[in-house]
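What follows is the content of final.csv, which has CSV, C-alpha atoms (C1' of nucleotides):
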chain,number,residue,atom,x,y,z
A,20,MET,CA,10.1,-19.1,0.6
A,21,PRO,CA,11.5,-20.1,3.9
A,22,GLU,CA,13.2,-23.1,5.5
A,23,LEU,CA,16.9,-23.8,5.2
A,24,PRO,CA,17.0,-25.4,1.7
A,25,GLU,CA,15.2,-22.5,0.0
A,26,VAL,CA,17.4,-20.0,1.7
A,27,GLU,CA,20.5,-22.0,0.7
A,28,ILE,CA,19.5,-22.1,-2.9
A,29,LEU,CA,18.8,-18.4,-2.9
A,30,VAL,CA,22.2,-17.7,-1.4
A,31,ARG,CA,23.9,-19.8,-4.1
A,32,HIS,CA,22.0,-18.1,-6.8
A,33,LEU,CA,22.1,-14.5,-5.6
A,34,GLY,CA,25.6,-14.5,-4.2
A,35,PRO,CA,27.5,-14.5,-7.4
A,36,LEU,CA,25.1,-12.0,-9.0
A,37,LEU,CA,25.5,-9.5,-6.2
A,38,LYS,CA,29.3,-9.8,-5.8
A,39,GLY,CA,31.0,-6.7,-6.7
A,40,LYS,CA,27.9,-4.7,-7.2
A,41,ARG,CA,27.7,-1.3,-5.5
A,42,ILE,CA,24.5,0.0,-3.9
A,43,ARG,CA,23.6,3.4,-5.2
A,44,ASP,CA,20.1,3.9,-3.8
A,45,VAL,CA,18.1,2.5,-1.0
A,46,GLU,CA,14.3,2.8,-1.0
A,47,VAL,CA,12.3,1.6,2.0
A,48,ARG,CA,8.7,1.1,1.3
A,49,ARG,CA,7.7,-0.7,4.4
A,50,ALA,CA,9.9,0.4,7.4
A,51,LYS,CA,8.5,-2.5,9.5
A,52,VAL,CA,10.9,-4.9,7.8
A,53,LEU,CA,13.9,-3.0,9.1
A,54,GLY,CA,13.2,-4.2,12.6
A,55,ARG,CA,15.2,-2.2,15.1
A,56,THR,CA,17.3,-0.5,12.4
A,57,SER,CA,16.1,3.0,11.5
A,58,GLU,CA,15.7,3.9,7.8
A,59,ARG,CA,18.3,6.5,8.2
A,60,GLU,CA,20.8,4.1,9.7
A,61,LEU,CA,20.2,1.6,6.9
A,62,LYS,CA,20.7,4.2,4.2
A,63,ALA,CA,23.8,5.5,5.8
A,64,ALA,CA,25.3,2.0,6.0
A,65,LEU,CA,24.3,0.8,2.5
A,66,ARG,CA,24.7,3.8,0.2
A,67,GLY,CA,27.9,3.4,-1.6
A,68,ALA,CA,28.7,0.0,-0.1
A,69,MET,CA,29.6,-3.0,-2.2
A,70,PHE,CA,28.5,-6.6,-1.9
A,71,THR,CA,31.4,-8.8,-1.2
A,72,GLY,CA,29.7,-12.1,-0.3
A,73,LEU,CA,26.4,-13.8,0.7
A,74,THR,CA,26.1,-16.6,3.2
A,75,ARG,CA,23.4,-18.2,5.2
A,76,ARG,CA,22.9,-19.0,8.9
A,77,GLY,CA,19.8,-21.0,9.6
A,78,LYS,CA,17.1,-19.3,7.7
A,79,TYR,CA,18.9,-16.0,7.7
A,80,LEU,CA,20.7,-14.4,4.8
A,81,LEU,CA,24.0,-12.6,5.6
A,82,PHE,CA,24.9,-10.0,3.0
A,83,GLU,CA,28.6,-9.0,3.4
A,84,LEU,CA,29.2,-5.4,2.5
A,85,ARG,CA,32.3,-3.3,2.2
A,86,GLY,CA,31.8,0.4,2.8
A,87,ALA,CA,32.4,2.9,0.1
A,88,VAL,CA,35.1,4.9,1.7
A,89,GLY,CA,37.3,2.2,3.1
A,90,ARG,CA,37.6,-1.2,4.6
A,91,LYS,CA,34.7,-0.9,7.0
A,92,SER,CA,32.6,-4.0,6.5
A,93,ARG,CA,29.1,-4.5,7.5
A,94,THR,CA,26.6,-7.4,7.5
A,95,LEU,CA,23.1,-6.9,6.2
A,96,VAL,CA,20.8,-9.5,7.7
A,97,GLY,CA,17.8,-10.8,5.8
A,98,HIS,CA,15.0,-13.2,6.7
A,99,LEU,CA,12.2,-14.2,4.4
A,100,GLY,CA,9.6,-14.8,7.0
A,101,MET,CA,6.7,-16.8,5.4
A,102,THR,CA,6.4,-15.1,2.0
A,103,GLY,CA,9.6,-13.1,1.4
A,104,ARG,CA,11.4,-13.1,-1.9
A,105,MET,CA,14.6,-11.5,-3.1
A,106,TYR,CA,15.8,-11.1,-6.6
A,107,LEU,CA,17.2,-8.8,-9.2
A,108,LEU,CA,15.2,-6.8,-11.6
A,109,ALA,CA,16.1,-4.5,-14.5
A,110,LYS,CA,16.1,-0.9,-13.5
A,111,ASN,CA,12.9,-0.1,-15.3
A,112,ASP,CA,10.9,-3.2,-14.5
A,113,PRO,CA,7.8,-2.6,-12.5
A,114,LEU,CA,8.0,-3.4,-8.8
A,115,PRO,CA,5.6,-5.9,-7.3
A,116,LYS,CA,2.8,-4.9,-5.1
A,117,HIS,CA,4.3,-5.8,-1.8
A,118,THR,CA,7.8,-4.5,-2.3
A,119,ALA,CA,9.4,-3.8,1.1
A,120,VAL,CA,12.9,-2.6,0.1
A,121,VAL,CA,14.6,-1.8,-3.2
A,122,LEU,CA,18.4,-1.5,-3.5
A,123,GLY,CA,19.5,0.4,-6.6
A,124,LEU,CA,22.6,-1.2,-8.2
A,125,GLY,CA,22.9,0.9,-11.3
A,126,SER,CA,21.3,-0.9,-14.2
A,127,LEU,CA,19.8,-3.5,-11.8
A,128,ARG,CA,17.8,-3.4,-8.6
A,129,MET,CA,17.6,-5.9,-5.8
A,130,VAL,CA,14.1,-6.2,-4.7
A,131,TYR,CA,12.9,-7.6,-1.4
A,132,GLU,CA,9.2,-8.2,-1.6
A,133,ASP,CA,7.1,-9.8,1.1
A,134,THR,CA,3.4,-10.2,0.9
A,135,ARG,CA,2.9,-10.6,4.6
A,136,TYR,CA,5.8,-8.5,5.8
A,137,PHE,CA,6.9,-11.1,8.4
A,138,GLY,CA,10.5,-11.0,7.1
A,139,ARG,CA,13.3,-8.7,7.9
A,140,LEU,CA,16.1,-6.8,6.2
A,141,THR,CA,18.1,-5.2,8.9
A,142,LEU,CA,21.5,-4.4,10.4
A,143,ASP,CA,20.6,-5.9,13.7
A,144,GLY,CA,22.3,-9.3,14.0
A,145,GLU,CA,21.0,-10.0,17.5
A,146,GLU,CA,18.8,-12.9,16.4
A,147,ILE,CA,21.7,-14.7,14.8
A,148,GLN,CA,23.5,-15.0,18.1
A,149,LYS,CA,20.7,-17.1,19.5
A,150,LEU,CA,20.8,-19.7,16.8
A,151,GLY,CA,21.7,-23.3,17.4
A,152,PRO,CA,24.1,-25.3,15.2
A,153,GLU,CA,23.7,-25.7,11.5
A,154,PRO,CA,22.1,-29.0,10.9
A,155,LEU,CA,24.4,-29.7,8.0
A,156,GLY,CA,27.5,-28.5,9.9
A,157,ALA,CA,30.0,-30.3,12.0
A,158,ASP,CA,28.7,-28.9,15.2
A,159,PHE,CA,25.4,-30.7,14.9
A,160,THR,CA,26.8,-33.9,16.4
A,161,GLY,CA,24.8,-36.9,17.7
A,162,GLU,CA,26.2,-36.1,21.2
A,163,TYR,CA,24.9,-32.5,21.0
A,164,PHE,CA,21.5,-33.5,19.7
A,165,ALA,CA,21.1,-36.2,22.4
A,166,PHE,CA,22.1,-33.8,25.1
A,167,ALA,CA,19.8,-31.1,23.9
A,168,LEU,CA,16.8,-33.4,23.6
A,169,LYS,CA,17.4,-35.0,27.0
A,170,ARG,CA,16.7,-31.7,28.8
A,171,SER,CA,13.2,-31.2,27.5
A,172,SER,CA,9.8,-32.9,27.8
A,173,GLN,CA,8.3,-31.0,24.9
A,174,ALA,CA,7.0,-32.9,22.0
A,175,ILE,CA,9.8,-33.6,19.5
A,176,LYS,CA,8.1,-31.9,16.7
A,177,ILE,CA,8.0,-28.7,18.6
A,178,LYS,CA,11.6,-29.0,19.6
A,179,LEU,CA,12.6,-29.3,16.0
A,180,LEU,CA,11.2,-25.9,15.3
A,181,ASP,CA,13.2,-24.4,18.1
A,182,GLN,CA,15.9,-22.4,16.2
A,183,THR,CA,18.1,-22.3,19.3
A,184,LEU,CA,18.3,-26.1,19.3
A,185,VAL,CA,19.1,-26.5,15.6
A,186,ALA,CA,18.9,-23.7,13.0
A,187,GLY,CA,16.9,-23.9,9.8
A,188,VAL,CA,14.4,-26.7,10.2
A,189,GLY,CA,10.9,-25.5,9.6
A,190,ASN,CA,7.4,-26.8,9.8
A,191,ILE,CA,7.5,-28.8,6.5
A,192,TYR,CA,10.9,-30.6,7.0
A,193,ALA,CA,10.2,-31.3,10.6
A,194,SER,CA,7.2,-33.4,9.6
A,195,GLU,CA,9.2,-35.0,6.9
A,196,ALA,CA,12.2,-35.9,9.0
A,197,LEU,CA,10.0,-37.4,11.7
A,198,PHE,CA,8.2,-39.5,9.2
A,199,LEU,CA,11.4,-40.8,7.7
A,200,ALA,CA,12.6,-41.6,11.2
A,201,GLY,CA,9.4,-43.4,12.1
A,202,ILE,CA,9.0,-41.2,15.2
A,203,SER,CA,5.7,-39.9,16.6
A,204,PRO,CA,5.7,-36.1,16.5
A,205,ARG,CA,4.1,-36.2,20.0
A,206,LEU,CA,6.9,-38.2,21.6
A,207,ALA,CA,8.5,-36.1,24.4
A,208,ALA,CA,12.0,-35.1,23.4
A,209,ASN,CA,13.5,-36.7,26.4
A,210,LYS,CA,11.8,-40.0,25.7
A,211,LEU,CA,13.6,-40.7,22.4
A,212,SER,CA,15.8,-43.7,22.6
A,213,GLU,CA,19.5,-43.3,21.7
A,214,ALA,CA,18.8,-45.1,18.5
A,215,GLN,CA,15.9,-42.8,17.7
A,216,VAL,CA,18.1,-39.7,18.3
A,217,LYS,CA,20.6,-41.1,15.9
A,218,VAL,CA,18.1,-41.9,13.2
A,219,LEU,CA,16.4,-38.5,13.5
A,220,ARG,CA,19.6,-36.6,13.2
A,221,ARG,CA,20.3,-38.5,10.1
A,222,THR,CA,16.8,-38.0,8.6
A,223,ILE,CA,17.0,-34.3,9.3
A,224,ARG,CA,20.2,-34.0,7.5
A,225,ASP,CA,19.1,-36.2,4.6
A,226,VAL,CA,15.8,-34.4,4.1
A,227,LEU,CA,17.5,-31.0,4.0
A,228,LYS,CA,20.3,-32.1,1.7
A,229,LYS,CA,17.9,-33.7,-0.7
A,230,ALA,CA,15.8,-30.6,-0.8
A,231,ILE,CA,18.9,-28.5,-1.6
A,232,ARG,CA,19.9,-31.0,-4.3
A,233,ARG,CA,16.4,-30.8,-5.7
A,234,GLY,CA,16.4,-27.0,-5.6
A,235,SER,CA,19.7,-27.0,-7.4
A,236,THR,CA,18.3,-28.8,-10.4
A,237,LEU,CA,14.9,-27.2,-10.7
A,238,PRO,CA,14.5,-24.3,-13.1
A,239,LEU,CA,13.6,-21.8,-10.4
A,240,ASN,CA,12.4,-18.4,-11.4
A,241,PHE,CA,14.4,-15.8,-9.5
A,242,ALA,CA,13.4,-12.9,-11.8
A,243,GLY,CA,10.1,-12.5,-10.2
A,244,GLU,CA,7.6,-12.4,-13.1
A,245,GLU,CA,6.0,-15.7,-12.3
A,246,LYS,CA,5.3,-17.1,-8.9
A,247,SER,CA,6.8,-20.5,-9.5
A,248,ASP,CA,10.1,-19.9,-7.7
A,249,GLY,CA,9.6,-20.1,-4.0
A,250,LEU,CA,8.2,-23.4,-3.0
A,251,PHE,CA,10.5,-25.7,-4.8
A,252,TYR,CA,9.5,-28.6,-2.5
A,253,TYR,CA,6.3,-28.7,-4.5
A,254,GLY,CA,5.7,-29.5,-8.1
A,255,SER,CA,8.1,-31.6,-10.0
A,256,GLU,CA,9.0,-32.8,-13.4
A,257,SER,CA,9.6,-36.0,-11.6
A,258,GLY,CA,9.1,-38.2,-14.5
A,259,ALA,CA,10.1,-41.7,-13.7
A,260,GLY,CA,7.3,-43.4,-12.1
A,261,ASP,CA,5.9,-45.3,-9.3
A,262,PHE,CA,7.4,-43.8,-6.2
A,263,ASP,CA,8.3,-40.1,-6.4
A,264,HIS,CA,11.1,-39.8,-3.8
A,265,GLU,CA,11.4,-36.1,-4.5
A,266,ARG,CA,8.0,-35.2,-3.3
A,267,LEU,CA,6.9,-34.5,0.2
A,268,LEU,CA,5.9,-37.7,1.9
A,269,VAL,CA,3.5,-36.5,4.6
A,270,TYR,CA,3.3,-32.7,4.7
A,271,ASP,CA,0.0,-31.5,3.4
A,272,ARG,CA,-1.1,-35.0,2.6
A,273,LYS,CA,-3.9,-35.4,5.2
A,274,GLY,CA,-6.2,-38.2,4.3
A,275,GLN,CA,-4.0,-39.6,1.6
A,276,PRO,CA,-2.5,-43.0,2.0
A,277,CYS,CA,0.9,-43.3,3.6
A,278,LEU,CA,3.4,-44.1,0.8
A,279,ARG,CA,4.9,-46.7,3.0
A,280,CYS,CA,1.9,-48.5,4.7
A,281,LYS,CA,-1.2,-47.0,3.1
A,282,THR,CA,-2.6,-45.8,6.4
A,283,PRO,CA,-4.3,-42.3,5.9
A,284,ILE,CA,-2.0,-39.5,6.9
A,285,GLU,CA,-3.3,-37.4,9.8
A,286,ARG,CA,-3.0,-33.8,10.7
A,287,LEU,CA,-2.7,-32.5,14.2
A,288,THR,CA,-2.0,-29.1,15.8
A,289,GLN,CA,1.1,-28.5,17.9
A,290,ALA,CA,2.1,-25.1,19.1
A,291,ALA,CA,-0.5,-23.7,16.8
A,292,ARG,CA,1.1,-25.3,13.7
A,293,SER,CA,0.1,-28.2,11.6
A,294,THR,CA,1.9,-31.5,11.9
A,295,PHE,CA,1.4,-34.2,9.4
A,296,TYR,CA,2.3,-37.8,10.2
A,297,CYS,CA,1.4,-41.4,9.6
A,298,PRO,CA,-0.3,-43.0,12.6
A,299,GLY,CA,0.8,-46.4,11.3
A,300,CYS,CA,4.5,-45.7,10.9
A,301,GLN,CA,5.0,-43.1,13.7
A,302,ARG,CA,3.8,-44.6,16.9
A,303,ILE,CA,4.6,-43.6,20.5
A,304,GLN,CA,4.2,-47.1,21.8
A,305,PRO,CA,5.8,-49.9,19.9
A,306,ARG,CA,3.4,-51.9,17.9
A,307,VAL,CA,2.0,-54.8,19.9
A,308,LYS,CA,2.6,-58.2,18.4
A,309,SER,CA,-0.6,-59.2,16.8
A,310,VAL,CA,-2.0,-62.4,18.0
A,311,ASP,CA,-4.5,-63.8,15.6
A,312,GLY,CA,-8.0,-64.6,16.8
B,6,DC,C1',-17.8,-15.9,6.4
B,7,DA,C1',-14.6,-19.7,7.9
B,8,DC,C1',-10.1,-21.7,8.0
B,9,DC,C1',-5.6,-22.3,6.4
B,10,DA,C1',-0.6,-20.8,5.3
B,11,DT,C1',7.1,-22.1,4.5
B,12,DG,C1',8.1,-17.9,10.7
B,13,DT,C1',9.0,-15.7,15.0
B,14,DT,C1',8.0,-12.9,19.1
B,15,DC,C1',5.5,-11.5,22.8
B,16,DC,C1',2.2,-12.1,26.4
B,17,DT,C1',-0.5,-14.6,29.8
B,18,DT,C1',-1.3,-18.3,32.8
B,19,DG,C1',0.0,-22.0,35.7
C,15,DC,C1',12.8,-19.2,36.2
C,16,DC,C1',10.2,-22.6,33.2
C,17,DA,C1',6.6,-24.7,30.2
C,18,DA,C1',2.5,-24.4,27.5
C,19,DG,C1',-0.8,-22.1,25.0
C,20,DG,C1',-2.4,-18.4,22.5
C,21,DA,C1',-2.4,-14.1,20.0
C,22,DA,C1',-0.2,-11.1,17.2
C,23,DC,C1',2.0,-9.6,13.0
C,24,DA,C1',-0.4,-8.9,7.4
C,25,DT,C1',-2.1,-10.7,3.3
C,26,DG,C1',-3.9,-14.0,0.4
C,27,DG,C1',-5.9,-18.6,-1.1
C,28,DT,C1',-9.5,-21.9,-1.0
Structure rendered as structure tokens:
Amino acid sequence: MPELPEVEILVRHLGPLLKGKRIRDVEVRRAKVLGRTSERELKAALRGAMFTGLTRRGKYLLFELRGAVGRKSRTLVGHLGMTGRMYLLAKNDPLPKHTAVVLGLGSLRMVYEDTRYFGRLTLDGEEIQKLGPEPLGADFTGEYFAFALKRSSQAIKIKLLDQTLVAGVGNIYASEALFLAGISPRLAANKLSEAQVKVLRRTIRDVLKKAIRRGSTLPLNFAGEEKSDGLFYYGSESGAGDFDHERLLVYDRKGQPCLRCKTPIERLTQAARSTFYCPGCQRIQPRVKSVDG
DNA sequence: CACCATGTTCCTTG
DNA sequence: CCAAGGAACATGGT
């Protein structure tokens, strides 16, 4: 369930539900997800603590806790990896197969499940320090973006996945933003024109905002029984018609006609990840004026 | 069996 | 030191 918009929606949903709840038990079923934090350390920090807030930084969840005894506050850091999910279940509901951690909250339990166990639930905030600016925040300025891109000859698609450059863009929205900007994913970061940098900054923000808006209106399932909750960039009760602006425009659409120019969407591999793009709309070299004959 | 998957880190090679 | 490429992590879907 990753990428910034999904995490943001989860924060908005889960935050109010957790606020004021006290952690009574901590069960660790897969210690790997604790990262550098030991199971003992986690339990000592969480038992008796109360949730006071939930925020997001990039793709990370920041659970704010106040210790049982006094004012000592702590931050529990979560990351969903590729397949992580977090939600509340009733105390006696069965736990899913790949449950990594369970926090007992009295009549409820907060479940962190993660099929592939790539995610994290930890007290170690080291990774947060390395993150670049929030793409929807005030620090992600055109000047910053231009400066950061100027220093690298890496393909722009790969740079967009660099969380130290900007925090929260993932493989899906990187492809989408580049398509909307009409920029080739292979273009070297330092070869983008000033105009392209501006457009790309805007399409990154637009695509993330739109996904958050969409996630806010979808009937997402946070309870866990079904599996229709995580990937809210898919599926839709779109309704209206001809052009579905809510859907993904290029991601996972290899071979299908570009919604703008009908050229078949292509897939390429960059940094061992799939990139989807339209070879008609996203060229490195500007289109040559066609001379008939 | 093959290949693919929303993420990130680590290792090797140049 | 840097960049690029690949493997690794672990499980499931097609």
For atom CA of A:Arg48 and atom CA of A:Glu132, the interatomic separation in Å (one decimal)
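Result for atom CA of A:Arg48 versus atom CA of A:Glu132: 9.8 Å, one decimal.
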Near chain B, meaning an atom within 9 Å, which residues of chain A appear when counting all atoms listed in the file? Write them as number ranges by chain.
A: 20-22, 99-102, 137-138, 189-191, 250
Just to confirm, what's the straight-line distance from atom CA of A:Gly39 to atom CA of A:Asp112 in Å (one decimal)?
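If I compute the distance from atom CA of A:Gly39 to atom CA of A:Asp112, I get 21.8 Å.
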Contact table chain A vs chain C, cut-off 10 Å, shortest pair per residue, only C-alpha atoms (C1' of nucleotides), as CSV:
residue,atom,partner,partner_atom,distance
A:Thr102,CA,C:DT25,C1',9.7
A:His117,CA,C:DT25,C1',9.5
A:Asp133,CA,C:DT25,C1',9.5
A:Thr134,CA,C:DT25,C1',6.0
A:Arg135,CA,C:DA24,C1',4.6
A:Tyr136,CA,C:DA24,C1',6.4
A:Phe137,CA,C:DC23,C1',6.9
A:Ser171,CA,C:DA17,C1',9.6
A:Ser172,CA,C:DA17,C1',9.1
A:Gln173,CA,C:DA17,C1',8.4
A:Gln289,CA,C:DG19,C1',9.7
A:Ala290,CA,C:DG19,C1',7.2
A:Ala291,CA,C:DG20,C1',8.0
Determine, counting only C-alpha atoms (C1' of nucleotides), every residue of protein, DNA or RNA that lies within 10 Å of (8.6, -35.5, 9.9) in the file coordinates, then give the result as JSON, numbers by chain.
{"A": [175, 176, 179, 190, 191, 192, 193, 194, 195, 196, 197, 198, 199, 200, 201, 202, 203, 204, 219, 222, 223, 226, 267, 268, 269, 270, 294, 295, 296, 297, 301]}
Next, the residues of the selection above should be written as a CSV table (one decimal), keeping the file's coordinate frame with C-alpha atoms.
chain,number,residue,atom,x,y,z
A,175,ILE,CA,9.8,-33.6,19.5
A,176,LYS,CA,8.1,-31.9,16.7
A,179,LEU,CA,12.6,-29.3,16.0
A,190,ASN,CA,7.4,-26.8,9.8
A,191,ILE,CA,7.5,-28.8,6.5
A,192,TYR,CA,10.9,-30.6,7.0
A,193,ALA,CA,10.2,-31.3,10.6
A,194,SER,CA,7.2,-33.4,9.6
A,195,GLU,CA,9.2,-35.0,6.9
A,196,ALA,CA,12.2,-35.9,9.0
A,197,LEU,CA,10.0,-37.4,11.7
A,198,PHE,CA,8.2,-39.5,9.2
A,199,LEU,CA,11.4,-40.8,7.7
A,200,ALA,CA,12.6,-41.6,11.2
A,201,GLY,CA,9.4,-43.4,12.1
A,202,ILE,CA,9.0,-41.2,15.2
A,203,SER,CA,5.7,-39.9,16.6
A,204,PRO,CA,5.7,-36.1,16.5
A,219,LEU,CA,16.4,-38.5,13.5
A,222,THR,CA,16.8,-38.0,8.6
A,223,ILE,CA,17.0,-34.3,9.3
A,226,VAL,CA,15.8,-34.4,4.1
A,267,LEU,CA,6.9,-34.5,0.2
A,268,LEU,CA,5.9,-37.7,1.9
A,269,VAL,CA,3.5,-36.5,4.6
A,270,TYR,CA,3.3,-32.7,4.7
A,294,THR,CA,1.9,-31.5,11.9
A,295,PHE,CA,1.4,-34.2,9.4
A,296,TYR,CA,2.3,-37.8,10.2
A,297,CYS,CA,1.4,-41.4,9.6
A,301,GLN,CA,5.0,-43.1,13.7
Computed gap from atom CA of A:Leu108 to atom CA of A:Arg128 is 5.2 Å
